[in-house]
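Since the structure comes first, as structure tokens, the remarks are kept for the end.
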Amino acid sequence: MSNSGFVLTDTGVVVYDALATPALAQAMLDAIHRLTELPVTHVIVSHYHADHVYGLQVFKDAGATIIAKRSGSTYIESEHAQQRLQQRREALAPWVDDNTRLIGADIWLDFKAGPRHRLQLGDTALDIIDGGFSHSADDVLLSIPSESVVFAGDIFSSGRLPFLVDGNSEVWLQSMADIAKLEAAVVVPGHGRASTEPAEDIELNTRYIRFLREQMAVAAEELQSFNDAYAAIDWTEFRDVPLFDAANRRNAYHVFLEMQQALFEQEP
């Protein structure tokens with residue numbers, strides 16, 4: 001349901017994201033133990049969406065320190081989080097059940113000192129990077145400069161369209177530029193294949209989001225209904241990109257609401 005990854009250092013293992021169920025997380029922990037006797041010392045949470053965090057309890061019970069962006073604490077304490085957990089208990093039973101619990105962070109990062117937090121384990125330096133409010137309010141990336149690898153969570157899509165969901169498309173564009181500046185050889189998205197051509201995928205993400213913003217800005221300014229605006233747009237440029245049918249209409253509507261809100265805020 002989602003991607004995860006881990007970094008082996010000479011003093012311990014750092015995991016990025018905990019997968020969608022405790023069973024998946026346990027399978028990952030077992031795989032790590034087949035590679036090393038060192039413990040998982042830290043888990044970095046990309047963002048608190050259900051498909052990335054329900055495995056956290058496995059790593060927490062194994063002694064790992066959970067690190068996330070402070071904005072995620074708002075989700076943990078919300079009624080929506082409990083409702084989503086109950087929905088997943090019904091939809092994903094028996095893999096998500098009454099024993100599945102929400103796990104908050106041991107360290108909530110606020111990034112007040114800057115957009116990067118350095119985590120040093122032995123000889124390995126890892127940069128935990130603020131992702132702004134792109135896909136969600138608590139987006140976090142993980143960069144391993146020595147390996148030229150970035151784990152980007154759901155901010156980044158490889159060879160497919162993104163799901164904008166609860167995000168902010170303007171901030172998302174800045175995040176694309178920020179990922180490009182990292183000049184990583186490999187970028188691992190929250191879903192789908194890892195990108196070994198990050199520049200191409202960044203260009204696709206950026207071009208798509210800009211197109212949505214341009215088209216929906218016109219629709220908002222001309223007071224069109226969303227259905228009329230959507231039907232009138234020529235989607236040829238993106239129609240053959242994977243996940244177009246699953247994601248595009250929802251993404252367009254999300255950006256349409258953004259553009260409407262921006263227009264209202266400009267009014268005296």
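The chains in the structure tokens are called A, B, ... from first to last as shown; in each chain the residues are counted from 1, and the ligands are counted from 1 in the order shown.
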For A:Met259, please output as a list in words all residues within 9 Å (counting only C-alpha atoms; exclusion window: fewer than 6 positions along the same chain).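 Surrounding residues, per the criterion: Arg213, Met216, Ala217, Val218, Ala219, Ala220 and Glu221 of chain A.
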Neighbours of stretch 18-25 of chain A within 7 Å (only C-alpha atoms; same-chain residues fewer than 3 positions away dropped), as JSON, numbers by chain? {"A": [1, 2, 3, 4, 28, 29, 50, 51, 52, 53, 54, 55, 56, 57, 58, 95, 96]}
Export N, CA and C atoms of the chosen residues as a PDB file, in the first residue's frame?
```pdb
ATOM      1  N   MET A   1       0.809  -1.211   0.000  1.00  0.00           N
ATOM      2  CA  MET A   1       0.000   0.000   0.000  1.00  0.00           C
ATOM      3  C   MET A   1       0.844   1.263   0.000  1.00  0.00           C
ATOM      4  N   SER A   2       2.055   1.170   0.502  1.00  0.00           N
ATOM      5  CA  SER A   2       2.956   2.325   0.509  1.00  0.00           C
ATOM      6  C   SER A   2       4.391   1.827   0.563  1.00  0.00           C
ATOM      7  N   ASN A   3       5.315   2.724   0.289  1.00  0.00           N
ATOM      8  CA  ASN A   3       6.732   2.373   0.354  1.00  0.00           C
ATOM      9  C   ASN A   3       7.313   2.712   1.720  1.00  0.00           C
ATOM     10  N   SER A   4       8.347   1.995   2.056  1.00  0.00           N
ATOM     11  CA  SER A   4       9.149   2.282   3.235  1.00  0.00           C
ATOM     12  C   SER A   4      10.588   1.995   2.855  1.00  0.00           C
ATOM     13  N   MET A  28       8.892  -6.215   7.743  1.00  0.00           N
ATOM     14  CA  MET A  28      10.041  -5.361   7.449  1.00  0.00           C
ATOM     15  C   MET A  28      11.102  -5.485   8.540  1.00  0.00           C
ATOM     16  N   LEU A  29      10.670  -5.485   9.789  1.00  0.00           N
ATOM     17  CA  LEU A  29      11.616  -5.628  10.897  1.00  0.00           C
ATOM     18  C   LEU A  29      12.338  -6.970  10.808  1.00  0.00           C
ATOM     19  N   ALA A  50      -2.783   7.254   7.155  1.00  0.00           N
ATOM     20  CA  ALA A  50      -2.933   5.901   7.692  1.00  0.00           C
ATOM     21  C   ALA A  50      -2.044   4.871   7.004  1.00  0.00           C
ATOM     22  N   ASP A  51      -1.862   4.987   5.692  1.00  0.00           N
ATOM     23  CA  ASP A  51      -1.118   3.972   4.965  1.00  0.00           C
ATOM     24  C   ASP A  51       0.386   4.039   5.216  1.00  0.00           C
ATOM     25  N   HIS A  52       0.824   4.996   6.021  1.00  0.00           N
ATOM     26  CA  HIS A  52       2.254   5.135   6.322  1.00  0.00           C
ATOM     27  C   HIS A  52       2.586   4.924   7.803  1.00  0.00           C
ATOM     28  N   VAL A  53       1.585   4.828   8.670  1.00  0.00           N
ATOM     29  CA  VAL A  53       1.904   4.899  10.108  1.00  0.00           C
ATOM     30  C   VAL A  53       1.342   3.775  10.977  1.00  0.00           C
ATOM     31  N   TYR A  54       0.460   2.942  10.458  1.00  0.00           N
ATOM     32  CA  TYR A  54      -0.138   1.941  11.353  1.00  0.00           C
ATOM     33  C   TYR A  54       0.846   0.852  11.767  1.00  0.00           C
ATOM     34  N   GLY A  55       2.006   0.806  11.143  1.00  0.00           N
ATOM     35  CA  GLY A  55       3.040  -0.131  11.585  1.00  0.00           C
ATOM     36  C   GLY A  55       3.958   0.418  12.655  1.00  0.00           C
ATOM     37  N   LEU A  56       3.759   1.677  13.057  1.00  0.00           N
ATOM     38  CA  LEU A  56       4.680   2.303  14.013  1.00  0.00           C
ATOM     39  C   LEU A  56       4.779   1.545  15.321  1.00  0.00           C
ATOM     40  N   GLN A  57       3.683   0.935  15.768  1.00  0.00           N
ATOM     41  CA  GLN A  57       3.692   0.284  17.077  1.00  0.00           C
ATOM     42  C   GLN A  57       4.719  -0.846  17.131  1.00  0.00           C
ATOM     43  N   VAL A  58       4.971  -1.492  15.998  1.00  0.00           N
ATOM     44  CA  VAL A  58       5.951  -2.589  15.965  1.00  0.00           C
ATOM     45  C   VAL A  58       7.349  -2.060  16.261  1.00  0.00           C
ATOM     46  N   TRP A  95      -5.803  -7.529   9.537  1.00  0.00           N
ATOM     47  CA  TRP A  95      -4.457  -6.941   9.623  1.00  0.00           C
ATOM     48  C   TRP A  95      -4.452  -5.646  10.418  1.00  0.00           C
ATOM     49  N   VAL A  96      -5.552  -4.934  10.405  1.00  0.00           N
ATOM     50  CA  VAL A  96      -5.748  -3.796  11.316  1.00  0.00           C
ATOM     51  C   VAL A  96      -6.925  -4.165  12.201  1.00  0.00           C
TER      52      VAL A  96
END
```
Report as a PDB file with N, CA, C and O atoms, in the first residue's frame: the residues of stretch 52-243 of chain A with a DSSP assignment of strand (DSSP E or B), based on the backbone of this structure.
```pdb
ATOM      1  N   THR A  65      13.077   5.108  18.486  1.00  0.00           N
ATOM      2  CA  THR A  65      12.618   6.473  18.730  1.00  0.00           C
ATOM      3  C   THR A  65      11.899   6.973  17.480  1.00  0.00           C
ATOM      4  O   THR A  65      12.452   6.919  16.384  1.00  0.00           O
ATOM      5  N   ILE A  66      10.683   7.455  17.658  1.00  0.00           N
ATOM      6  CA  ILE A  66       9.880   7.933  16.537  1.00  0.00           C
ATOM      7  C   ILE A  66      10.086   9.443  16.382  1.00  0.00           C
ATOM      8  O   ILE A  66       9.974  10.198  17.351  1.00  0.00           O
ATOM      9  N   ILE A  67      10.388   9.870  15.150  1.00  0.00           N
ATOM     10  CA  ILE A  67      10.603  11.285  14.857  1.00  0.00           C
ATOM     11  C   ILE A  67       9.622  11.722  13.778  1.00  0.00           C
ATOM     12  O   ILE A  67       9.482  11.058  12.747  1.00  0.00           O
ATOM     13  N   ALA A  68       8.937  12.841  14.015  1.00  0.00           N
ATOM     14  CA  ALA A  68       7.978  13.355  13.045  1.00  0.00           C
ATOM     15  C   ALA A  68       7.886  14.865  13.172  1.00  0.00           C
ATOM     16  O   ALA A  68       8.392  15.458  14.133  1.00  0.00           O
ATOM     17  N   LYS A  69       7.240  15.477  12.226  1.00  0.00           N
ATOM     18  CA  LYS A  69       7.007  16.914  12.268  1.00  0.00           C
ATOM     19  C   LYS A  69       5.866  17.220  13.232  1.00  0.00           C
ATOM     20  O   LYS A  69       4.869  16.496  13.295  1.00  0.00           O
ATOM     21  N   ILE A 107       9.957  12.464  19.354  1.00  0.00           N
ATOM     22  CA  ILE A 107      10.565  13.763  19.050  1.00  0.00           C
ATOM     23  C   ILE A 107       9.728  14.432  17.974  1.00  0.00           C
ATOM     24  O   ILE A 107       9.625  13.941  16.848  1.00  0.00           O
ATOM     25  N   TRP A 108       9.097  15.554  18.336  1.00  0.00           N
ATOM     26  CA  TRP A 108       8.335  16.338  17.376  1.00  0.00           C
ATOM     27  C   TRP A 108       9.213  17.486  16.898  1.00  0.00           C
ATOM     28  O   TRP A 108       9.593  18.346  17.690  1.00  0.00           O
ATOM     29  N   LEU A 109       9.531  17.513  15.633  1.00  0.00           N
ATOM     30  CA  LEU A 109      10.381  18.565  15.071  1.00  0.00           C
ATOM     31  C   LEU A 109       9.528  19.754  14.631  1.00  0.00           C
ATOM     32  O   LEU A 109       8.503  19.572  13.974  1.00  0.00           O
ATOM     33  N   ARG A 116      16.273  21.888   7.946  1.00  0.00           N
ATOM     34  CA  ARG A 116      16.917  20.577   8.050  1.00  0.00           C
ATOM     35  C   ARG A 116      17.297  20.272   9.495  1.00  0.00           C
ATOM     36  O   ARG A 116      17.749  21.156  10.221  1.00  0.00           O
ATOM     37  N   HIS A 117      17.121  19.011   9.857  1.00  0.00           N
ATOM     38  CA  HIS A 117      17.557  18.516  11.163  1.00  0.00           C
ATOM     39  C   HIS A 117      18.535  17.373  10.905  1.00  0.00           C
ATOM     40  O   HIS A 117      18.181  16.369  10.282  1.00  0.00           O
ATOM     41  N   ARG A 118      19.766  17.522  11.357  1.00  0.00           N
ATOM     42  CA  ARG A 118      20.796  16.520  11.119  1.00  0.00           C
ATOM     43  C   ARG A 118      20.726  15.413  12.171  1.00  0.00           C
ATOM     44  O   ARG A 118      20.711  15.676  13.375  1.00  0.00           O
ATOM     45  N   LEU A 119      20.664  14.180  11.717  1.00  0.00           N
ATOM     46  CA  LEU A 119      20.714  12.999  12.570  1.00  0.00           C
ATOM     47  C   LEU A 119      22.000  12.259  12.234  1.00  0.00           C
ATOM     48  O   LEU A 119      22.171  11.784  11.106  1.00  0.00           O
ATOM     49  N   GLN A 120      22.897  12.163  13.203  1.00  0.00           N
ATOM     50  CA  GLN A 120      24.191  11.530  12.980  1.00  0.00           C
ATOM     51  C   GLN A 120      24.231  10.194  13.712  1.00  0.00           C
ATOM     52  O   GLN A 120      24.078  10.137  14.935  1.00  0.00           O
ATOM     53  N   LEU A 121      24.428   9.106  12.976  1.00  0.00           N
ATOM     54  CA  LEU A 121      24.588   7.784  13.567  1.00  0.00           C
ATOM     55  C   LEU A 121      25.929   7.233  13.119  1.00  0.00           C
ATOM     56  O   LEU A 121      26.096   6.866  11.950  1.00  0.00           O
ATOM     57  N   THR A 124      27.457   7.940   9.590  1.00  0.00           N
ATOM     58  CA  THR A 124      26.420   8.267   8.617  1.00  0.00           C
ATOM     59  C   THR A 124      25.626   9.488   9.055  1.00  0.00           C
ATOM     60  O   THR A 124      25.084   9.524  10.163  1.00  0.00           O
ATOM     61  N   ALA A 125      25.562  10.481   8.176  1.00  0.00           N
ATOM     62  CA  ALA A 125      24.770  11.683   8.407  1.00  0.00           C
ATOM     63  C   ALA A 125      23.475  11.586   7.609  1.00  0.00           C
ATOM     64  O   ALA A 125      23.487  11.287   6.409  1.00  0.00           O
ATOM     65  N   LEU A 126      22.362  11.847   8.284  1.00  0.00           N
ATOM     66  CA  LEU A 126      21.058  11.837   7.631  1.00  0.00           C
ATOM     67  C   LEU A 126      20.399  13.185   7.876  1.00  0.00           C
ATOM     68  O   LEU A 126      20.440  13.703   9.000  1.00  0.00           O
ATOM     69  N   ASP A 127      19.804  13.751   6.857  1.00  0.00           N
ATOM     70  CA  ASP A 127      19.123  15.034   6.969  1.00  0.00           C
ATOM     71  C   ASP A 127      17.616  14.823   6.911  1.00  0.00           C
ATOM     72  O   ASP A 127      17.087  14.323   5.896  1.00  0.00           O
ATOM     73  N   ILE A 128      16.944  15.191   7.990  1.00  0.00           N
ATOM     74  CA  ILE A 128      15.478  15.186   8.029  1.00  0.00           C
ATOM     75  C   ILE A 128      15.028  16.572   7.577  1.00  0.00           C
ATOM     76  O   ILE A 128      15.384  17.568   8.196  1.00  0.00           O
ATOM     77  N   ILE A 129      14.256  16.632   6.498  1.00  0.00           N
ATOM     78  CA  ILE A 129      13.979  17.893   5.817  1.00  0.00           C
ATOM     79  C   ILE A 129      12.495  18.220   5.879  1.00  0.00           C
ATOM     80  O   ILE A 129      11.638  17.371   5.586  1.00  0.00           O
ATOM     81  N   ASP A 130      12.199  19.446   6.242  1.00  0.00           N
ATOM     82  CA  ASP A 130      10.822  19.926   6.271  1.00  0.00           C
ATOM     83  C   ASP A 130      10.251  19.969   4.855  1.00  0.00           C
ATOM     84  O   ASP A 130      10.825  20.598   3.969  1.00  0.00           O
ATOM     85  N   VAL A 140       7.636  15.342   5.682  1.00  0.00           N
ATOM     86  CA  VAL A 140       9.056  15.268   6.028  1.00  0.00           C
ATOM     87  C   VAL A 140       9.765  14.376   5.017  1.00  0.00           C
ATOM     88  O   VAL A 140       9.244  13.317   4.644  1.00  0.00           O
ATOM     89  N   LEU A 141      10.928  14.812   4.562  1.00  0.00           N
ATOM     90  CA  LEU A 141      11.766  14.006   3.681  1.00  0.00           C
ATOM     91  C   LEU A 141      13.002  13.539   4.450  1.00  0.00           C
ATOM     92  O   LEU A 141      13.364  14.131   5.467  1.00  0.00           O
ATOM     93  N   LEU A 142      13.651  12.509   3.930  1.00  0.00           N
ATOM     94  CA  LEU A 142      14.901  12.026   4.513  1.00  0.00           C
ATOM     95  C   LEU A 142      15.951  11.926   3.416  1.00  0.00           C
ATOM     96  O   LEU A 142      15.762  11.228   2.418  1.00  0.00           O
ATOM     97  N   SER A 143      17.059  12.638   3.606  1.00  0.00           N
ATOM     98  CA  SER A 143      18.150  12.624   2.641  1.00  0.00           C
ATOM     99  C   SER A 143      19.369  11.949   3.257  1.00  0.00           C
ATOM    100  O   SER A 143      19.702  12.200   4.423  1.00  0.00           O
ATOM    101  N   ILE A 144      20.006  11.072   2.480  1.00  0.00           N
ATOM    102  CA  ILE A 144      21.261  10.454   2.881  1.00  0.00           C
ATOM    103  C   ILE A 144      22.310  10.937   1.886  1.00  0.00           C
ATOM    104  O   ILE A 144      22.527  10.318   0.823  1.00  0.00           O
ATOM    105  N   VAL A 149      20.725   9.526  -1.992  1.00  0.00           N
ATOM    106  CA  VAL A 149      19.374   8.960  -1.963  1.00  0.00           C
ATOM    107  C   VAL A 149      18.480   9.864  -1.128  1.00  0.00           C
ATOM    108  O   VAL A 149      18.889  10.354  -0.069  1.00  0.00           O
ATOM    109  N   VAL A 150      17.260  10.077  -1.608  1.00  0.00           N
ATOM    110  CA  VAL A 150      16.248  10.833  -0.866  1.00  0.00           C
ATOM    111  C   VAL A 150      14.977  10.002  -0.780  1.00  0.00           C
ATOM    112  O   VAL A 150      14.510   9.463  -1.792  1.00  0.00           O
ATOM    113  N   PHE A 151      14.428   9.888   0.424  1.00  0.00           N
ATOM    114  CA  PHE A 151      13.094   9.347   0.623  1.00  0.00           C
ATOM    115  C   PHE A 151      12.148  10.538   0.721  1.00  0.00           C
ATOM    116  O   PHE A 151      12.288  11.380   1.606  1.00  0.00           O
ATOM    117  N   ALA A 152      11.182  10.616  -0.201  1.00  0.00           N
ATOM    118  CA  ALA A 152      10.390  11.837  -0.331  1.00  0.00           C
ATOM    119  C   ALA A 152       8.932  11.692   0.066  1.00  0.00           C
ATOM    120  O   ALA A 152       8.180  12.662  -0.007  1.00  0.00           O
ATOM    121  N   GLY A 153       8.510  10.507   0.509  1.00  0.00           N
ATOM    122  CA  GLY A 153       7.112  10.353   0.888  1.00  0.00           C
ATOM    123  C   GLY A 153       6.183  10.657  -0.273  1.00  0.00           C
ATOM    124  O   GLY A 153       6.531  10.486  -1.451  1.00  0.00           O
ATOM    125  N   VAL A 186      18.897   8.924  -6.686  1.00  0.00           N
ATOM    126  CA  VAL A 186      17.681   8.118  -6.529  1.00  0.00           C
ATOM    127  C   VAL A 186      16.745   8.835  -5.578  1.00  0.00           C
ATOM    128  O   VAL A 186      17.166   9.280  -4.502  1.00  0.00           O
ATOM    129  N   VAL A 187      15.473   8.940  -5.958  1.00  0.00           N
ATOM    130  CA  VAL A 187      14.445   9.465  -5.075  1.00  0.00           C
ATOM    131  C   VAL A 187      13.365   8.392  -4.919  1.00  0.00           C
ATOM    132  O   VAL A 187      12.837   7.885  -5.914  1.00  0.00           O
ATOM    133  N   VAL A 188      13.058   8.044  -3.677  1.00  0.00           N
ATOM    134  CA  VAL A 188      12.068   7.015  -3.388  1.00  0.00           C
ATOM    135  C   VAL A 188      10.755   7.694  -3.019  1.00  0.00           C
ATOM    136  O   VAL A 188      10.688   8.431  -2.038  1.00  0.00           O
ATOM    137  N   PRO A 189       9.693   7.449  -3.783  1.00  0.00           N
ATOM    138  CA  PRO A 189       8.402   8.066  -3.477  1.00  0.00           C
ATOM    139  C   PRO A 189       7.637   7.282  -2.420  1.00  0.00           C
ATOM    140  O   PRO A 189       8.036   6.169  -2.048  1.00  0.00           O
ATOM    141  N   SER A 195      12.720   6.324  -8.317  1.00  0.00           N
ATOM    142  CA  SER A 195      13.122   7.057  -9.515  1.00  0.00           C
ATOM    143  C   SER A 195      14.635   7.118  -9.609  1.00  0.00           C
ATOM    144  O   SER A 195      15.308   7.623  -8.714  1.00  0.00           O
TER     145      SER A 195
END
```
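The nearest approach to A:Glu37 among the residues A:Leu164, A:His49, A:Gly12, A:Met176, with only C-alpha atoms taken into account, belongs to A:Gly12.
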Given the choices A:Glu183, A:Asp228, A:Asp178, A:Glu203, which gets closest to A:Ser146 if the distance is worked out from only C-alpha atoms? A:Glu183
When DSSP works through the backbone of this structure, what residues of stretch 68-231 of chain A end up as alpha helix (DSSP H), shown as a PyMOL selection string? chain A and resi 71-76+79-91+169-182+198-221+226-231
Which one is closest to A:Val165: A:Glu258, A:Glu147, A:Asp61, A:Glu222? Count only C-alpha atoms. A:Glu258
What lies within 9 Å of A:Val13 using only C-alpha atoms, ignoring chain neighbours under 2 positions off, as a short mmCIF file (atom, residue, chain, number, x, y, z; two decimals) with all heavy atoms, in the first residue's frame?
```cif
data_model
loop_
_atom_site.label_atom_id
_atom_site.label_comp_id
_atom_site.auth_asym_id
_atom_site.auth_seq_id
_atom_site.Cartn_x
_atom_site.Cartn_y
_atom_site.Cartn_z
N PHE A 6 14.94 1.67 4.70
CA PHE A 6 15.77 1.75 5.90
C PHE A 6 17.21 1.96 5.51
O PHE A 6 17.65 1.64 4.40
CB PHE A 6 15.61 0.51 6.79
CG PHE A 6 15.89 -0.81 6.12
CD1 PHE A 6 17.16 -1.35 6.14
CD2 PHE A 6 14.86 -1.52 5.51
CE1 PHE A 6 17.42 -2.57 5.55
CE2 PHE A 6 15.11 -2.74 4.90
CZ PHE A 6 16.40 -3.28 4.92
N VAL A 7 17.95 2.56 6.44
CA VAL A 7 19.35 2.89 6.23
C VAL A 7 20.18 2.16 7.28
O VAL A 7 19.96 2.33 8.49
CB VAL A 7 19.58 4.41 6.36
CG1 VAL A 7 21.04 4.76 6.07
CG2 VAL A 7 18.65 5.17 5.41
N LEU A 8 21.13 1.35 6.83
CA LEU A 8 22.02 0.65 7.74
C LEU A 8 23.23 1.54 8.05
O LEU A 8 23.91 1.99 7.13
CB LEU A 8 22.50 -0.66 7.11
CG LEU A 8 21.44 -1.69 6.72
CD1 LEU A 8 22.10 -2.88 6.04
CD2 LEU A 8 20.65 -2.14 7.92
N THR A 9 23.46 1.80 9.32
CA THR A 9 24.65 2.53 9.73
C THR A 9 25.50 1.62 10.62
O THR A 9 25.09 0.49 10.93
CB THR A 9 24.29 3.81 10.51
OG1 THR A 9 23.96 3.48 11.86
CG2 THR A 9 23.13 4.54 9.86
N ASP A 10 26.64 2.11 11.06
CA ASP A 10 27.50 1.26 11.88
C ASP A 10 27.07 1.21 13.34
O ASP A 10 27.65 0.47 14.14
CB ASP A 10 28.97 1.69 11.78
CG ASP A 10 29.17 3.17 12.03
OD1 ASP A 10 28.18 3.88 12.29
OD2 ASP A 10 30.33 3.63 11.94
N THR A 11 26.04 1.98 13.70
CA THR A 11 25.55 1.94 15.09
C THR A 11 24.08 1.56 15.21
O THR A 11 23.60 1.33 16.32
CB THR A 11 25.76 3.30 15.78
OG1 THR A 11 25.01 4.31 15.08
CG2 THR A 11 27.23 3.68 15.80
N VAL A 15 14.75 3.77 9.98
CA VAL A 15 13.64 3.40 9.09
C VAL A 15 12.89 4.66 8.69
O VAL A 15 12.70 5.56 9.51
CB VAL A 15 12.69 2.41 9.80
CG1 VAL A 15 11.38 2.23 9.02
CG2 VAL A 15 13.37 1.06 9.99
N ILE A 32 15.00 -6.70 8.19
CA ILE A 32 16.15 -5.96 8.71
C ILE A 32 17.02 -6.86 9.58
O ILE A 32 18.26 -6.85 9.47
CB ILE A 32 15.68 -4.72 9.50
CG1 ILE A 32 15.03 -3.71 8.55
CG2 ILE A 32 16.83 -4.08 10.25
CD1 ILE A 32 14.34 -2.57 9.26
N THR A 36 21.17 -7.55 9.65
CA THR A 36 22.03 -6.99 10.69
C THR A 36 21.50 -7.33 12.07
O THR A 36 20.28 -7.49 12.26
CB THR A 36 22.14 -5.46 10.55
OG1 THR A 36 22.96 -4.94 11.60
CG2 THR A 36 20.78 -4.79 10.63
N LEU A 38 22.14 -5.19 14.46
CA LEU A 38 21.97 -3.88 15.07
C LEU A 38 20.49 -3.54 15.21
O LEU A 38 19.66 -3.94 14.39
CB LEU A 38 22.67 -2.82 14.22
CG LEU A 38 24.20 -2.89 14.18
CD1 LEU A 38 24.74 -1.93 13.13
CD2 LEU A 38 24.78 -2.56 15.55
N PRO A 39 20.14 -2.77 16.23
CA PRO A 39 18.73 -2.43 16.45
C PRO A 39 18.25 -1.32 15.52
O PRO A 39 19.06 -0.54 14.98
CB PRO A 39 18.72 -1.94 17.90
CG PRO A 39 20.09 -1.33 18.08
CD PRO A 39 21.02 -2.22 17.28
N VAL A 40 16.94 -1.24 15.34
CA VAL A 40 16.34 -0.07 14.72
C VAL A 40 16.30 1.02 15.78
O VAL A 40 15.61 0.90 16.78
CB VAL A 40 14.93 -0.37 14.18
CG1 VAL A 40 14.27 0.92 13.68
CG2 VAL A 40 14.98 -1.41 13.07
N THR A 41 17.06 2.06 15.57
CA THR A 41 17.16 3.12 16.58
C THR A 41 16.16 4.25 16.37
O THR A 41 15.71 4.87 17.34
CB THR A 41 18.58 3.73 16.58
OG1 THR A 41 18.87 4.26 15.27
CG2 THR A 41 19.61 2.67 16.95
N HIS A 42 15.80 4.51 15.11
CA HIS A 42 14.92 5.63 14.80
C HIS A 42 13.96 5.26 13.66
O HIS A 42 14.33 4.51 12.76
CB HIS A 42 15.69 6.88 14.37
CG HIS A 42 16.64 7.41 15.41
ND1 HIS A 42 17.89 6.86 15.61
CD2 HIS A 42 16.50 8.42 16.30
CE1 HIS A 42 18.50 7.53 16.59
NE2 HIS A 42 17.68 8.48 17.02
N VAL A 43 12.76 5.80 13.74
CA VAL A 43 11.81 5.75 12.61
C VAL A 43 11.41 7.18 12.29
O VAL A 43 10.96 7.92 13.16
CB VAL A 43 10.56 4.92 12.94
CG1 VAL A 43 9.59 4.95 11.75
CG2 VAL A 43 10.93 3.49 13.28
N LEU A 121 24.43 9.11 12.98
CA LEU A 121 24.59 7.78 13.57
C LEU A 121 25.93 7.23 13.12
O LEU A 121 26.10 6.87 11.95
CB LEU A 121 23.46 6.83 13.15
CG LEU A 121 22.20 6.86 14.04
CD1 LEU A 121 21.37 8.08 13.71
CD2 LEU A 121 21.38 5.59 13.84
#
```
So that I can check the surroundings of A:Arg239, please list as a PyMOL selection string every protein, DNA and RNA residue that reaches within 12 Å of it, counting only C-alpha atoms and ignoring chain neighbours fewer than 4 positions away. chain A and resi 160-161+208+233-235+243-249
